[in-house]
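Below is the file entry-v7.cif, which contains mmCIF, C-alpha atoms.
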data_coords
#
loop_
_atom_site.label_atom_id
_atom_site.label_comp_id
_atom_site.auth_asym_id
_atom_site.auth_seq_id
_atom_site.Cartn_x
_atom_site.Cartn_y
_atom_site.Cartn_z
CA SER A 18 110.61 66.07 -165.63
CA SER A 19 113.66 67.06 -167.66
CA GLU A 20 116.06 65.97 -164.94
CA ILE A 21 118.60 63.31 -165.84
CA HIS A 22 118.76 60.78 -163.03
CA MET A 23 122.35 59.53 -163.13
CA TRP A 24 121.61 57.20 -160.22
CA ILE A 25 119.69 54.75 -162.41
CA PRO A 26 121.58 51.43 -162.03
CA PRO A 27 123.68 50.78 -165.13
CA ILE A 28 122.71 47.12 -164.95
CA TRP A 29 119.42 47.98 -166.63
CA TYR A 30 121.33 49.06 -169.69
CA ALA A 31 123.32 45.86 -169.89
CA LEU A 32 123.10 44.02 -173.18
CA HIS A 33 121.88 40.76 -171.63
CA GLN A 34 119.55 42.20 -168.97
CA ARG A 35 116.36 40.91 -170.62
CA THR A 36 117.87 37.44 -170.93
CA VAL A 37 118.99 37.47 -167.29
CA THR A 38 115.56 38.63 -166.11
CA SER A 39 113.86 35.90 -168.14
CA LEU A 40 116.16 33.18 -166.77
CA LEU A 41 115.69 34.36 -163.20
CA GLY A 42 111.95 34.25 -163.78
CA THR A 43 112.24 30.62 -164.89
CA LEU A 44 114.21 29.74 -161.76
CA ARG A 45 111.73 31.50 -159.49
CA ASP A 46 108.82 29.74 -161.22
CA PHE A 47 110.51 26.40 -160.47
CA THR A 48 110.81 27.01 -156.72
CA GLU A 49 107.34 28.57 -156.52
CA LYS A 50 105.85 25.47 -158.14
CA ALA A 51 107.76 23.21 -155.72
CA ILE A 52 106.50 25.18 -152.70
CA HIS A 53 102.87 25.20 -153.84
CA GLY A 54 103.13 21.49 -154.62
CA ARG A 55 104.29 20.70 -151.10
CA MET A 56 101.63 22.97 -149.60
CA LYS A 57 98.94 20.97 -151.41
CA GLU A 58 100.48 17.68 -150.24
CA ARG A 59 100.42 18.91 -146.63
CA ASP A 60 96.78 19.97 -146.95
CA ASP A 61 95.89 16.54 -148.37
CA GLU A 62 97.76 14.80 -145.53
CA ARG A 63 95.91 16.85 -142.91
CA ALA A 64 92.57 16.07 -144.55
CA ARG A 65 93.40 12.36 -144.58
CA ARG A 66 94.37 12.37 -140.90
CA ASN A 67 91.17 14.18 -139.97
CA ALA A 68 89.10 11.71 -141.98
CA GLU A 69 90.72 8.75 -140.24
CA LYS A 70 89.79 10.21 -136.82
CA ARG A 71 92.60 8.37 -135.15
CA GLY A 72 91.93 10.08 -131.87
CA ASP A 73 95.40 9.36 -130.54
CA GLY A 74 96.19 13.06 -130.23
CA ASP A 75 99.51 12.57 -131.98
CA ASP A 76 99.76 15.18 -134.70
CA GLU A 77 103.46 15.82 -134.24
CA GLU A 78 105.58 16.13 -137.34
CA ALA A 79 108.37 13.60 -137.72
CA ASP A 80 111.79 14.65 -136.41
CA ASP A 81 113.19 14.08 -139.88
CA ALA A 82 110.59 16.27 -141.62
CA PRO A 83 111.85 17.84 -144.86
CA PHE A 84 113.50 21.26 -144.75
CA LEU A 85 110.63 22.78 -146.73
CA ASP A 86 108.11 21.56 -144.15
CA GLY A 87 109.90 23.54 -141.46
CA LEU A 88 109.58 26.70 -143.54
CA LEU A 89 105.92 26.00 -144.29
CA ASP A 90 105.26 25.55 -140.56
CA LEU A 91 106.61 29.07 -140.04
CA LEU A 92 104.43 30.29 -142.91
CA ASP A 93 101.35 28.70 -141.30
CA GLN A 94 102.20 30.40 -138.00
CA GLY A 95 102.53 33.79 -139.68
CA LEU A 96 106.22 34.01 -138.79
CA MET A 97 107.36 34.09 -142.43
CA SER A 98 105.83 35.42 -145.62
CA PHE A 99 105.59 33.36 -148.80
CA GLU A 100 108.31 35.53 -150.36
CA GLU A 101 110.64 34.84 -147.42
CA VAL A 102 109.99 31.11 -147.72
CA GLN A 103 110.75 31.22 -151.44
CA ASN A 104 113.95 33.20 -150.84
CA GLU A 105 115.15 30.49 -148.43
CA VAL A 106 114.31 27.75 -150.93
CA ASP A 107 116.10 29.69 -153.68
CA THR A 108 119.18 29.89 -151.47
CA PHE A 109 119.32 26.14 -150.86
CA VAL A 110 118.47 25.13 -154.43
CA PHE A 111 120.65 27.54 -156.37
CA ALA A 112 123.41 28.69 -154.00
CA GLY A 113 124.18 25.12 -152.99
CA HIS A 114 124.10 23.49 -156.42
CA ASP A 115 126.67 25.23 -158.61
CA THR A 116 129.13 25.76 -155.78
CA THR A 117 129.14 22.12 -154.70
CA SER A 118 129.45 20.67 -158.19
CA THR A 119 132.21 23.14 -159.09
CA THR A 120 134.09 22.32 -155.88
CA LEU A 121 133.94 18.63 -156.80
CA GLY A 122 135.27 19.46 -160.26
CA TRP A 123 138.26 21.34 -158.85
CA LEU A 124 138.87 18.58 -156.28
CA MET A 125 139.03 15.91 -158.98
CA TRP A 126 141.31 18.15 -161.02
CA CYS A 127 143.70 18.59 -158.09
CA LEU A 128 143.74 14.86 -157.31
CA ALA A 129 144.23 13.95 -160.98
CA CYS A 130 147.20 16.32 -161.20
CA ASN A 131 148.61 15.01 -157.91
CA PRO A 132 148.12 11.22 -157.98
CA GLN A 133 150.21 10.66 -154.85
CA HIS A 134 147.57 12.52 -152.83
CA GLN A 135 144.75 10.71 -154.61
CA ASP A 136 146.32 7.40 -153.58
CA LYS A 137 146.38 8.50 -149.93
CA VAL A 138 142.72 9.49 -150.10
CA TYR A 139 141.81 6.15 -151.70
CA ASP A 140 143.71 4.20 -149.03
CA GLU A 141 141.88 6.16 -146.35
CA ILE A 142 138.52 5.39 -147.97
CA LEU A 143 139.29 1.66 -148.18
CA ALA A 144 140.43 1.56 -144.58
CA ARG A 145 137.19 3.13 -143.42
CA VAL A 146 134.41 1.80 -145.68
CA GLY A 147 136.01 -0.86 -147.89
CA GLU A 148 135.81 -1.17 -151.66
CA GLU A 149 132.28 -2.53 -151.89
CA ASP A 150 129.38 -0.20 -152.69
CA GLY A 151 128.22 -0.15 -149.10
CA PHE A 152 126.63 2.62 -147.06
CA VAL A 153 128.75 5.65 -146.21
CA SER A 154 127.65 7.20 -142.93
CA ASP A 155 128.14 10.67 -141.53
CA ASP A 156 130.47 9.14 -138.96
CA ASP A 157 132.56 7.59 -141.76
CA ILE A 158 133.27 10.90 -143.48
CA LYS A 159 134.09 12.50 -140.13
CA HIS A 160 136.93 10.00 -139.81
CA MET A 161 138.61 10.74 -143.15
CA PRO A 162 141.05 13.51 -142.21
CA TYR A 163 143.19 13.31 -145.34
CA LEU A 164 140.17 13.73 -147.61
CA ASP A 165 139.19 16.73 -145.50
CA MET A 166 142.69 18.19 -145.91
CA CYS A 167 142.55 17.74 -149.69
CA ILE A 168 139.16 19.45 -149.94
CA LYS A 169 140.34 22.38 -147.83
CA GLU A 170 143.48 22.77 -149.93
CA THR A 171 141.37 22.66 -153.09
CA LEU A 172 139.16 25.45 -151.73
CA ARG A 173 142.24 27.44 -150.77
CA ILE A 174 143.69 27.35 -154.28
CA TYR A 175 140.36 27.60 -156.06
CA ALA A 176 137.96 29.56 -153.85
CA VAL A 177 134.69 28.63 -155.54
CA ALA A 178 133.06 31.85 -154.30
CA PRO A 179 135.83 34.24 -155.42
CA PHE A 180 134.17 37.42 -154.14
CA THR A 181 132.29 38.43 -151.01
CA GLU A 182 130.37 41.68 -150.68
CA ARG A 183 129.67 43.59 -147.47
CA LEU A 184 127.70 46.80 -146.84
CA VAL A 185 129.35 49.19 -144.38
CA GLU A 186 127.14 50.33 -141.50
CA GLY A 187 128.81 53.37 -139.97
CA ASP A 188 132.14 55.02 -140.79
CA PHE A 189 135.19 53.11 -139.65
CA ASN A 190 138.94 53.41 -139.94
CA LEU A 191 140.88 50.69 -141.72
CA ASP A 192 144.65 51.05 -141.51
CA GLY A 193 144.48 54.83 -141.78
CA TYR A 194 141.74 54.91 -144.42
CA THR A 195 138.18 55.98 -143.60
CA ILE A 196 135.55 53.68 -145.05
CA PRO A 197 132.33 55.73 -145.18
CA ASP A 198 128.92 54.55 -144.09
CA GLY A 199 126.95 52.91 -146.90
CA SER A 200 130.01 51.78 -148.85
CA GLU A 201 129.98 48.41 -150.60
CA ILE A 202 133.17 46.44 -150.04
CA PHE A 203 134.22 43.48 -152.13
CA LEU A 204 136.62 40.98 -150.57
CA SER A 205 138.42 38.27 -152.50
CA PRO A 206 139.27 34.98 -150.78
CA MET A 207 141.41 34.23 -153.85
CA LEU A 208 143.77 37.10 -152.99
CA LEU A 209 143.91 36.11 -149.32
CA HIS A 210 144.57 32.46 -150.14
CA HIS A 211 147.41 33.34 -152.49
CA ASN A 212 149.16 35.72 -150.13
CA GLU A 213 152.71 34.37 -150.30
CA THR A 214 153.53 35.68 -146.82
CA VAL A 215 150.89 33.30 -145.43
CA PHE A 216 150.89 30.43 -147.92
CA LYS A 217 154.32 29.85 -149.45
CA ASP A 218 154.29 28.60 -153.04
CA SER A 219 150.56 29.28 -152.95
CA TRP A 220 149.67 27.62 -156.28
CA ALA A 221 151.18 24.28 -155.21
CA PHE A 222 148.72 21.63 -154.00
CA ASP A 223 149.85 20.73 -150.48
CA PRO A 224 147.16 19.25 -148.21
CA GLU A 225 149.62 19.27 -145.31
CA ARG A 226 148.89 22.98 -144.96
CA PHE A 227 145.76 21.75 -143.17
CA GLY A 228 147.36 18.87 -141.31
CA PRO A 229 147.01 18.28 -137.55
CA LYS A 230 149.99 20.51 -136.73
CA ALA A 231 149.10 23.36 -139.10
CA THR A 232 147.99 26.71 -137.68
CA HIS A 233 146.40 29.69 -139.39
CA ALA A 234 145.21 33.10 -138.28
CA ALA A 235 141.45 33.56 -138.09
CA PHE A 236 141.02 35.21 -141.50
CA ASP A 237 143.85 33.66 -143.51
CA TYR A 238 141.51 31.01 -144.91
CA VAL A 239 137.93 32.04 -145.70
CA PRO A 240 136.43 29.96 -148.56
CA PHE A 241 132.99 30.34 -146.96
CA ALA A 242 133.54 33.97 -145.88
CA ALA A 243 133.73 34.73 -142.15
CA GLY A 244 131.95 36.44 -139.31
CA PRO A 245 128.22 36.43 -138.49
CA ARG A 246 127.25 36.47 -142.18
CA ASN A 247 129.38 33.59 -143.36
CA CYS A 248 127.94 30.85 -145.55
CA ILE A 249 125.03 29.25 -143.71
CA GLY A 250 125.43 26.04 -145.69
CA GLN A 251 129.17 25.43 -145.28
CA LYS A 252 128.86 22.35 -143.04
CA PHE A 253 126.25 20.83 -145.30
CA ALA A 254 128.35 21.66 -148.38
CA MET A 255 131.42 19.94 -146.92
CA LYS A 256 129.36 16.84 -146.13
CA GLU A 257 128.01 16.80 -149.67
CA VAL A 258 131.47 17.11 -151.23
CA LYS A 259 132.96 14.45 -148.94
CA THR A 260 130.13 11.98 -149.51
CA VAL A 261 130.20 12.29 -153.30
CA ALA A 262 134.01 12.17 -153.32
CA VAL A 263 134.03 8.94 -151.28
CA TRP A 264 131.52 7.22 -153.55
CA PHE A 265 133.26 8.39 -156.70
CA LEU A 266 136.89 7.76 -155.71
CA ARG A 267 136.04 4.35 -154.28
CA ALA A 268 134.86 3.30 -157.76
CA PHE A 269 137.00 5.38 -160.12
CA ARG A 270 140.48 6.78 -160.54
CA VAL A 271 140.96 10.19 -162.17
CA SER A 272 144.04 11.17 -164.16
CA THR A 273 145.16 13.78 -166.65
CA LYS A 274 148.10 14.41 -168.95
CA ARG A 275 147.96 18.14 -168.32
CA ASP A 276 149.71 20.24 -165.70
CA MET A 277 147.68 21.69 -162.87
CA GLU A 278 148.58 25.25 -163.90
CA SER A 279 147.24 24.70 -167.43
CA ASN A 280 143.66 25.13 -166.24
CA VAL A 281 143.32 28.84 -165.52
CA PRO A 282 140.53 29.78 -163.08
CA ALA A 283 137.96 32.29 -164.32
CA PRO A 284 136.64 34.40 -161.40
CA GLU A 285 132.98 34.92 -162.24
CA VAL A 286 130.14 34.57 -159.72
CA ILE A 287 131.44 31.01 -159.35
CA LEU A 288 135.12 30.24 -159.93
CA ARG A 289 135.03 28.09 -163.03
CA PRO A 290 137.88 26.75 -165.17
CA LEU A 291 138.60 28.90 -168.21
CA SER A 292 138.61 25.68 -170.24
CA ASN A 293 136.94 22.36 -169.50
CA PHE A 294 138.48 19.84 -167.12
CA VAL A 295 140.27 17.27 -169.28
CA LEU A 296 140.23 14.11 -167.17
CA GLN A 297 140.52 10.40 -167.80
CA ILE A 298 138.22 8.35 -165.57
CA THR A 299 139.14 4.70 -165.05
CA ASN A 300 137.06 2.04 -163.32
CA ARG A 301 139.05 0.65 -160.39
CA LYS A 302 137.58 -2.85 -160.73
#

As a first step, turn the structure in this file into structure tokens.
Amino acid sequence: SSEIHMWIPPIWYALHQRTVTSLLGTLRDFTEKAIHGRMKERDDERARRNAEKRGDGDDEEADDAPFLDGLLDLLDQGLMSFEEVQNEVDTFVFAGHDTTSTTLGWLMWCLACNPQHQDKVYDEILARVGEEDGFVSDDDIKHMPYLDMCIKETLRIYAVAPFTERLVEGDFNLDGYTIPDGSEIFLSPMLLHHNETVFKDSWAFDPERFGPKATHAAFDYVPFAAGPRNCIGQKFAMKEVKTVAVWFLRAFRVSTKRDMESNVPAPEVILRPLSNFVLQITNRK
């Protein structure tokens, strides 16, 4: 046909498309290998149990079975396809890795630039778990409100996921404008979080914005998006960040000679610093 199909996605003409496709293939190969490896382990475990002929009738999986085992159970029952299982594994491995590590980077940057707040977090950690390298429980991090406030303020200033995309299902009116069915809408938590009518002096690090007496409208603060399609891993992500922060700040102090504003955020898929974090890390002992 001599027709020119202008609908062909421009992404296929991008300079780095072959590189991106190759890298994505490497990532998918990694998760596929992990899934097949666990499937073989499960088959071997079943064969061993059958050979032992325990006869106790107890073939229940442990309550603390790995996340992947839950997905493979659904695969065995025909409730999920292999591709769906792999997509879920991809989400947990890749979506939860870069975002968490980058959040920790911005948190340490904020605390280094604002040592008075770092001191309060450290005092809170000592009061709860002490300075020894002991166990930090889920209950411990639930009772560290000032650390929680600092993390939330970090995510307000530096929304690690700077863009959220939604597909419109059905025409609707938004403040006098008609958004047609099938439109793709991009929302930016960064813009919302730096709305000066909501957050005064929005680039200043002030954890008290999330103190016990602070109030916010439902969609003023959305680092994990909002609504029925918000981030499914937000609670887990917060626990990860808190746990690592407690272990790290209990052992080390972070400082910098630079101003907080000197590190300009670069809004890519993940909000990274335009330049590297320049931090001095000092052993507390």

What is the distance, in Å and to one decimal place, between atom CA of Arg63 of chain A and atom CA of Ala51 of chain A?
->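 Going from atom CA of Arg63 of chain A over to atom CA of Ala51 of chain A, I get 18.6 Å.
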
Using only C-alpha atoms, find all polymer residues with an atom at most 12 Å away from the point (137.4, 3.5, -160.1); report them as number ranges by chain.
-> A: 135-136, 139, 148-150, 262-272, 297-302

Hey, which of A:Ile196, A:Val102, A:Leu124, A:Ala254 ends up closest to Met277 of chain A? Count only C-alpha atoms.
->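 Of the candidates, the smallest distance to Met277 of chain A is held by A:Leu124.
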
Give me, please, the distance in Å between atom CA of Arg226 of chain A and atom CA of Lys137 of chain A, quoted to one decimal.
-> 15.5 Å

Within 8 Å of segment 200-215 of chain A: each segment 155-180 of chain A residue with its shortest pair, only C-alpha atoms, as JSON lines:
{"residue": "A:Arg173", "atom": "CA", "partner": "A:His210", "partner_atom": "CA", "distance": 5.6}
{"residue": "A:Ile174", "atom": "CA", "partner": "A:His210", "partner_atom": "CA", "distance": 6.6}
{"residue": "A:Tyr175", "atom": "CA", "partner": "A:Met207", "partner_atom": "CA", "distance": 7.1}
{"residue": "A:Ala176", "atom": "CA", "partner": "A:Met207", "partner_atom": "CA", "distance": 5.8}
{"residue": "A:Ala178", "atom": "CA", "partner": "A:Pro206", "partner_atom": "CA", "distance": 7.8}
{"residue": "A:Pro179", "atom": "CA", "partner": "A:Ser205", "partner_atom": "CA", "distance": 5.6}
{"residue": "A:Phe180", "atom": "CA", "partner": "A:Ser205", "partner_atom": "CA", "distance": 4.6}

Just the selected residues (C-alpha atoms), exported as a PDB file, in the frame of the given file, please.
ATOM      1  CA  ARG A 173     142.240  27.440-150.770  1.00  0.00           C
ATOM      2  CA  ILE A 174     143.690  27.350-154.280  1.00  0.00           C
ATOM      3  CA  TYR A 175     140.360  27.600-156.060  1.00  0.00           C
ATOM      4  CA  ALA A 176     137.960  29.560-153.850  1.00  0.00           C
ATOM      5  CA  ALA A 178     133.060  31.850-154.300  1.00  0.00           C
ATOM      6  CA  PRO A 179     135.830  34.240-155.420  1.00  0.00           C
ATOM      7  CA  PHE A 180     134.170  37.420-154.140  1.00  0.00           C
TER       8      PHE A 180
END

Go ahead and compute the interatomic distance for atom CA of Asp86 of chain A and atom CA of Ile158 of chain A, in Å to one decimal.
->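 Interatomic distance, atom CA of Asp86 of chain A to atom CA of Ile158 of chain A: 27.3 Å.
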
Distance criterion (only C-alpha atoms): nearest to His160 of chain A out of A:Leu172, A:Ile142, A:Val177, A:Ala64 =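 Smallest separation from His160 of chain A among the options: A:Ile142.
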
For the file shown, report as an mmCIF file with C-alpha atoms, keeping the file's coordinate frame the outcome of the PyMOL selection byres ((chain A and resi 242-245) around 9) at residue level.
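Full text of result07.cif as output:
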data_model
loop_
_atom_site.group_PDB
_atom_site.id
_atom_site.type_symbol
_atom_site.label_atom_id
_atom_site.label_comp_id
_atom_site.auth_asym_id
_atom_site.auth_seq_id
_atom_site.Cartn_x
_atom_site.Cartn_y
_atom_site.Cartn_z
ATOM 1 C CA ALA A 178 133.060 31.850 -154.300
ATOM 2 C CA PHE A 180 134.170 37.420 -154.140
ATOM 3 C CA THR A 181 132.290 38.430 -151.010
ATOM 4 C CA LEU A 204 136.620 40.980 -150.570
ATOM 5 C CA PRO A 206 139.270 34.980 -150.780
ATOM 6 C CA ALA A 235 141.450 33.560 -138.090
ATOM 7 C CA PHE A 236 141.020 35.210 -141.500
ATOM 8 C CA TYR A 238 141.510 31.010 -144.910
ATOM 9 C CA VAL A 239 137.930 32.040 -145.700
ATOM 10 C CA PRO A 240 136.430 29.960 -148.560
ATOM 11 C CA PHE A 241 132.990 30.340 -146.960
ATOM 12 C CA ARG A 246 127.250 36.470 -142.180
ATOM 13 C CA ASN A 247 129.380 33.590 -143.360
ATOM 14 C CA CYS A 248 127.940 30.850 -145.550
#

Close residues, segment 113-122 of chain A itself excluded, 7 Å, all atoms listed in the file, min 3 positions apart in chain, as a PyMOL selection string | chain A and resi 109-110+125-126+177+254+258+287+289

Check the smallest atom-to-atom distance from each of A:Ala221, A:Val261, A:Leu128, A:Val185 to Ser154 of chain A using all atoms listed in the file, then report the winner.
->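 Of the candidates, the smallest distance to Ser154 of chain A is held by A:Val261.
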
Output of the PyMOL selection byres ((chain A and resi 106) around 10), listed as a list in words |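 Going through the file, the PyMOL selection byres ((chain A and resi 106) around 10) ends up selecting Arg45, Thr48, Glu49, Ala51, Ile52, Phe84, Leu85, Leu88, Glu100, Glu101, Val102, Gln103, Asn104, Glu105, Asp107, Thr108, Phe109, Val110, Phe111 and Ala112 of chain A.
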
Hey, what comes out of the PyMOL selection byres ((chain A and resi 295) around 9) on this file? Could you write it as a PyMOL selection string?
-> chain A and resi 126+272-275+292-294+296-297

Shortest interatomic distance to Ala82 of chain A - which of A:Arg66, A:Arg59, A:Tyr163, A:Asp237, counting all atoms listed in the file |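 Distance minimum relative to Ala82 of chain A lands on A:Arg59.
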
Compare A:Cys130, A:Leu191, A:Ala231, A:Leu143 by their minimum atom-to-atom distance to Thr171 of chain A, counting all atoms listed in the file, and give me the closest one.
->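 Between A:Cys130, A:Leu191, A:Ala231, A:Leu143, the residue approaching Thr171 of chain A most closely is A:Cys130.
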
Nearest to Trp220 of chain A, restricted to only C-alpha atoms and choosing among A:Cys127, A:Ala234, A:Gly151, A:Glu182, comes out as A:Cys127

Do a neighbour search on Pro162 of chain A at 10 Å with only C-alpha atoms, toss out local chain neighbours closer than 5 positions, and write the hits as a ChimeraX atom specification.
-> /A:138,141,167-168,227-229

How would the residues just chosen look if you wrote them out with C-alpha atoms as a PDB file, keeping the file's coordinate frame?
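Everything below was put into out-v2.pdb:
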ATOM      1  CA  VAL A 138     142.720   9.490-150.100  1.00  0.00           C
ATOM      2  CA  GLU A 141     141.880   6.160-146.350  1.00  0.00           C
ATOM      3  CA  CYS A 167     142.550  17.740-149.690  1.00  0.00           C
ATOM      4  CA  ILE A 168     139.160  19.450-149.940  1.00  0.00           C
ATOM      5  CA  PHE A 227     145.760  21.750-143.170  1.00  0.00           C
ATOM      6  CA  GLY A 228     147.360  18.870-141.310  1.00  0.00           C
ATOM      7  CA  PRO A 229     147.010  18.280-137.550  1.00  0.00           C
TER       8      PRO A 229
END

Take every atom of segment 292-295 of chain A listed in the file, fit an axis-aligned box around them, add 8 Å per side, and give the centre and edge lengths in Å to one decimal as AutoDock Vina command-line options.
--center_x 138.6 --center_y 21.5 --center_z -168.7 --size_x 19.3 --size_y 24.4 --size_z 19.1

Residue contacts of Asp223 of chain A (9 Å, all atoms listed in the file) excluding same-chain residues fewer than 5 positions away, as a list in words =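 The neighbour list is His134, Met166, Cys167 and Glu170 of chain A.
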